[in-house]
Amino acid sequence: MSGRWSRSAALLLTGAVALLAAGCGIRGTSVPVDAGPAPSRASCRTPESERTAEGAGHVSVRIYLLCSSRILSVSRTARLGDEKASPKPVQVATALLEQLRLPPTAAESAAGFSTAVEDWVEISGPAQDDPDRALRLNRPPEEIQSLALAQIVCTFADTTVADEDGKVVLGGPDSQRDPLKAYQCTEEMRRNPGTAVNSGVLVS
C-alpha cells in the first residue's frame, strides 16, 4: 500500500514540476530563438532604384548610403532642373543632398541600407572670394556627423561638384570664420566612414 502511495506521490511531484516549468515559460527545445537579423546579415546588394521619374531634368544618379558600417553607392533618379544648359555645381549638390536626406526605399531598407544625413543639413553655393566649385554647408563640416559627411563627400566626388582632382571643397556658413576644406572619397573613407570628419585639408 505504502509503495503505491510513494509512486503516486512521485508522479504528482513530477507533474507539479512540469507545470511550474511551463508557467515560467521554459520550453524544452534545441532550436535557438531568432531575435532578428544581426547587422552583419545585411546583404548590401545594390537594389534597383524605386524612385523613378520622367520628364525634363530627371537623370540617373549614384548616391552613397550606409550599410554594415561602410558606405556603398545605390542608383536613384533625381531632378537637376529643366534648363537645357548643364546644371551648376550647386544645383547638382542640392539635388544629390535631397536624395541623401530621403529615407531609404523599401528595397534599400531590405538590403540593409540607411542614411545618416538629417533633414536639417543644407547646402549653398560659394561665398565671395571662394573657388567656383566650393560649397557652404549650414554648419561647419566638422560639426556634421562623420557618417553623414562621408555620404556627402563620396556622393559629390564623382560629379561636377568635385574639382579636377576629385576633391570636394566644403565649408561652414560663415566665410570669415569657417575655412574651406578639401575632402576626397578614398577607399578608406568608404570602408570606415567614421574617418571623414578628420580627413579635410585646408584650402589655401
# chains A, B, ... in the order shown; residues from 1 in each chain; ligands from 1
>>> select_by_dssp(residues="region 42-138 of chain A", states="strand (DSSP E or B)", output="PDB file with N, CA, C and O atoms, in the first residue's frame")
ATOM      1  N   HIS A  58      15.265  65.117 -65.229  1.00  0.00           N
ATOM      2  CA  HIS A  58      15.424  63.931 -64.392  1.00  0.00           C
ATOM      3  C   HIS A  58      16.514  63.030 -64.977  1.00  0.00           C
ATOM      4  O   HIS A  58      16.472  62.667 -66.147  1.00  0.00           O
ATOM      5  N   VAL A  59      17.480  62.698 -64.139  1.00  0.00           N
ATOM      6  CA  VAL A  59      18.595  61.862 -64.581  1.00  0.00           C
ATOM      7  C   VAL A  59      18.888  60.815 -63.525  1.00  0.00           C
ATOM      8  O   VAL A  59      18.514  60.939 -62.356  1.00  0.00           O
ATOM      9  N   SER A  60      19.575  59.776 -63.943  1.00  0.00           N
ATOM     10  CA  SER A  60      20.005  58.733 -63.016  1.00  0.00           C
ATOM     11  C   SER A  60      21.261  59.208 -62.286  1.00  0.00           C
ATOM     12  O   SER A  60      22.195  59.720 -62.919  1.00  0.00           O
ATOM     13  N   VAL A  61      21.280  59.050 -60.972  1.00  0.00           N
ATOM     14  CA  VAL A  61      22.427  59.467 -60.177  1.00  0.00           C
ATOM     15  C   VAL A  61      22.821  58.333 -59.233  1.00  0.00           C
ATOM     16  O   VAL A  61      22.056  57.397 -58.999  1.00  0.00           O
ATOM     17  N   ARG A  62      24.046  58.426 -58.709  1.00  0.00           N
ATOM     18  CA  ARG A  62      24.527  57.470 -57.721  1.00  0.00           C
ATOM     19  C   ARG A  62      24.738  58.212 -56.411  1.00  0.00           C
ATOM     20  O   ARG A  62      25.382  59.252 -56.372  1.00  0.00           O
ATOM     21  N   ILE A  63      24.164  57.697 -55.343  1.00  0.00           N
ATOM     22  CA  ILE A  63      24.379  58.283 -54.030  1.00  0.00           C
ATOM     23  C   ILE A  63      24.916  57.205 -53.097  1.00  0.00           C
ATOM     24  O   ILE A  63      24.744  56.013 -53.347  1.00  0.00           O
ATOM     25  N   TYR A  64      25.570  57.637 -52.040  1.00  0.00           N
ATOM     26  CA  TYR A  64      26.157  56.701 -51.090  1.00  0.00           C
ATOM     27  C   TYR A  64      25.299  56.610 -49.836  1.00  0.00           C
ATOM     28  O   TYR A  64      24.945  57.623 -49.226  1.00  0.00           O
ATOM     29  N   LEU A  65      24.972  55.370 -49.464  1.00  0.00           N
ATOM     30  CA  LEU A  65      24.217  55.093 -48.252  1.00  0.00           C
ATOM     31  C   LEU A  65      25.029  54.185 -47.332  1.00  0.00           C
ATOM     32  O   LEU A  65      25.986  53.535 -47.765  1.00  0.00           O
ATOM     33  N   LEU A  66      24.636  54.136 -46.074  1.00  0.00           N
ATOM     34  CA  LEU A  66      25.313  53.295 -45.089  1.00  0.00           C
ATOM     35  C   LEU A  66      24.804  51.865 -45.173  1.00  0.00           C
ATOM     36  O   LEU A  66      23.606  51.636 -45.365  1.00  0.00           O
ATOM     37  N   CYS A  67      25.714  50.908 -45.015  1.00  0.00           N
ATOM     38  CA  CYS A  67      25.331  49.502 -44.923  1.00  0.00           C
ATOM     39  C   CYS A  67      26.467  48.729 -44.267  1.00  0.00           C
ATOM     40  O   CYS A  67      27.610  48.763 -44.755  1.00  0.00           O
ATOM     41  N   ARG A  70      29.790  50.633 -43.437  1.00  0.00           N
ATOM     42  CA  ARG A  70      30.529  51.232 -44.546  1.00  0.00           C
ATOM     43  C   ARG A  70      29.539  51.968 -45.428  1.00  0.00           C
ATOM     44  O   ARG A  70      28.338  51.979 -45.147  1.00  0.00           O
ATOM     45  N   ILE A  71      30.009  52.605 -46.467  1.00  0.00           N
ATOM     46  CA  ILE A  71      29.100  53.271 -47.396  1.00  0.00           C
ATOM     47  C   ILE A  71      29.264  52.675 -48.789  1.00  0.00           C
ATOM     48  O   ILE A  71      30.365  52.379 -49.229  1.00  0.00           O
ATOM     49  N   LEU A  72      28.123  52.495 -49.437  1.00  0.00           N
ATOM     50  CA  LEU A  72      28.077  51.908 -50.776  1.00  0.00           C
ATOM     51  C   LEU A  72      27.120  52.731 -51.633  1.00  0.00           C
ATOM     52  O   LEU A  72      26.173  53.334 -51.125  1.00  0.00           O
ATOM     53  N   SER A  73      27.360  52.722 -52.933  1.00  0.00           N
ATOM     54  CA  SER A  73      26.522  53.523 -53.824  1.00  0.00           C
ATOM     55  C   SER A  73      25.276  52.764 -54.269  1.00  0.00           C
ATOM     56  O   SER A  73      25.304  51.552 -54.441  1.00  0.00           O
ATOM     57  N   VAL A  74      24.195  53.504 -54.421  1.00  0.00           N
ATOM     58  CA  VAL A  74      22.946  52.967 -54.963  1.00  0.00           C
ATOM     59  C   VAL A  74      22.461  53.924 -56.051  1.00  0.00           C
ATOM     60  O   VAL A  74      22.861  55.081 -56.104  1.00  0.00           O
ATOM     61  N   SER A  75      21.595  53.421 -56.899  1.00  0.00           N
ATOM     62  CA  SER A  75      21.077  54.219 -58.002  1.00  0.00           C
ATOM     63  C   SER A  75      19.768  54.901 -57.610  1.00  0.00           C
ATOM     64  O   SER A  75      18.901  54.288 -56.992  1.00  0.00           O
ATOM     65  N   ARG A  76      19.643  56.160 -57.962  1.00  0.00           N
ATOM     66  CA  ARG A  76      18.414  56.921 -57.750  1.00  0.00           C
ATOM     67  C   ARG A  76      18.158  57.767 -58.999  1.00  0.00           C
ATOM     68  O   ARG A  76      19.036  57.937 -59.848  1.00  0.00           O
ATOM     69  N   THR A  77      16.969  58.318 -59.072  1.00  0.00           N
ATOM     70  CA  THR A  77      16.639  59.274 -60.119  1.00  0.00           C
ATOM     71  C   THR A  77      16.383  60.616 -59.468  1.00  0.00           C
ATOM     72  O   THR A  77      15.572  60.715 -58.549  1.00  0.00           O
ATOM     73  N   ALA A  78      17.089  61.640 -59.925  1.00  0.00           N
ATOM     74  CA  ALA A  78      16.963  62.968 -59.315  1.00  0.00           C
ATOM     75  C   ALA A  78      16.654  64.005 -60.392  1.00  0.00           C
ATOM     76  O   ALA A  78      16.996  63.835 -61.564  1.00  0.00           O
ATOM     77  N   ARG A  79      16.041  65.076 -59.955  1.00  0.00           N
ATOM     78  CA  ARG A  79      15.735  66.168 -60.873  1.00  0.00           C
ATOM     79  C   ARG A  79      16.807  67.242 -60.729  1.00  0.00           C
ATOM     80  O   ARG A  79      17.000  67.802 -59.646  1.00  0.00           O
ATOM     81  N   SER A 114      20.822  52.453 -44.997  1.00  0.00           N
ATOM     82  CA  SER A 114      20.243  53.543 -44.205  1.00  0.00           C
ATOM     83  C   SER A 114      20.997  54.822 -44.536  1.00  0.00           C
ATOM     84  O   SER A 114      22.005  54.797 -45.259  1.00  0.00           O
ATOM     85  N   ILE A 123      22.760  73.102 -48.078  1.00  0.00           N
ATOM     86  CA  ILE A 123      23.989  73.481 -48.783  1.00  0.00           C
ATOM     87  C   ILE A 123      23.713  74.678 -49.675  1.00  0.00           C
ATOM     88  O   ILE A 123      22.587  74.871 -50.155  1.00  0.00           O
ATOM     89  N   SER A 124      24.739  75.491 -49.878  1.00  0.00           N
ATOM     90  CA  SER A 124      24.614  76.656 -50.750  1.00  0.00           C
ATOM     91  C   SER A 124      25.890  76.806 -51.560  1.00  0.00           C
ATOM     92  O   SER A 124      26.884  76.102 -51.330  1.00  0.00           O
ATOM     93  N   LEU A 135      31.485  74.790 -51.850  1.00  0.00           N
ATOM     94  CA  LEU A 135      30.115  74.738 -51.341  1.00  0.00           C
ATOM     95  C   LEU A 135      30.124  75.056 -49.854  1.00  0.00           C
ATOM     96  O   LEU A 135      31.077  74.735 -49.139  1.00  0.00           O
ATOM     97  N   ARG A 136      29.057  75.670 -49.395  1.00  0.00           N
ATOM     98  CA  ARG A 136      28.936  76.045 -47.997  1.00  0.00           C
ATOM     99  C   ARG A 136      27.763  75.292 -47.356  1.00  0.00           C
ATOM    100  O   ARG A 136      26.626  75.388 -47.811  1.00  0.00           O
ATOM    101  N   LEU A 137      28.081  74.509 -46.333  1.00  0.00           N
ATOM    102  CA  LEU A 137      27.041  73.830 -45.561  1.00  0.00           C
ATOM    103  C   LEU A 137      26.498  74.787 -44.506  1.00  0.00           C
ATOM    104  O   LEU A 137      27.157  75.765 -44.149  1.00  0.00           O
TER     105      LEU A 137
END
>>> atom_distance(atom1="CA of Glu108 (chain A)", atom2="CA of Ala148 (chain A)")
17.0 Å
>>> atom_distance(atom1="CA of Gly166 (chain A)", atom2="CA of Asn192 (chain A)")
19.0 Å
>>> closest_residue(among="A:Asp132, A:Asp119, A:Glu98, A:Glu142", to="Val197 (chain A)", atoms="only C-alpha atoms")
A:Glu142
>>> closest_residue(among="A:Pro104, A:Gly194, A:Pro131, A:Pro126", to="Gln145 (chain A)", atoms="only C-alpha atoms")
A:Gly194
>>> closest_residue(among="A:Thr46, A:Gln128, A:Thr105, A:Ser69", to="Gln176 (chain A)", atoms="only C-alpha atoms")
A:Gln128
>>> atom_distance(atom1="CA of Tyr183 (chain A)", atom2="CA of Gly200 (chain A)")
4.9 Å
>>> closest_residue(among="A:Gln184, A:Ser109, A:Ser86, A:Ser68", to="Ile152 (chain A)", atoms="only C-alpha atoms")
A:Gln184
>>> closest_residue(among="A:Leu147, A:Ala111, A:Ala134, A:Val169", to="Cys44 (chain A)", atoms="only C-alpha atoms")
A:Ala111
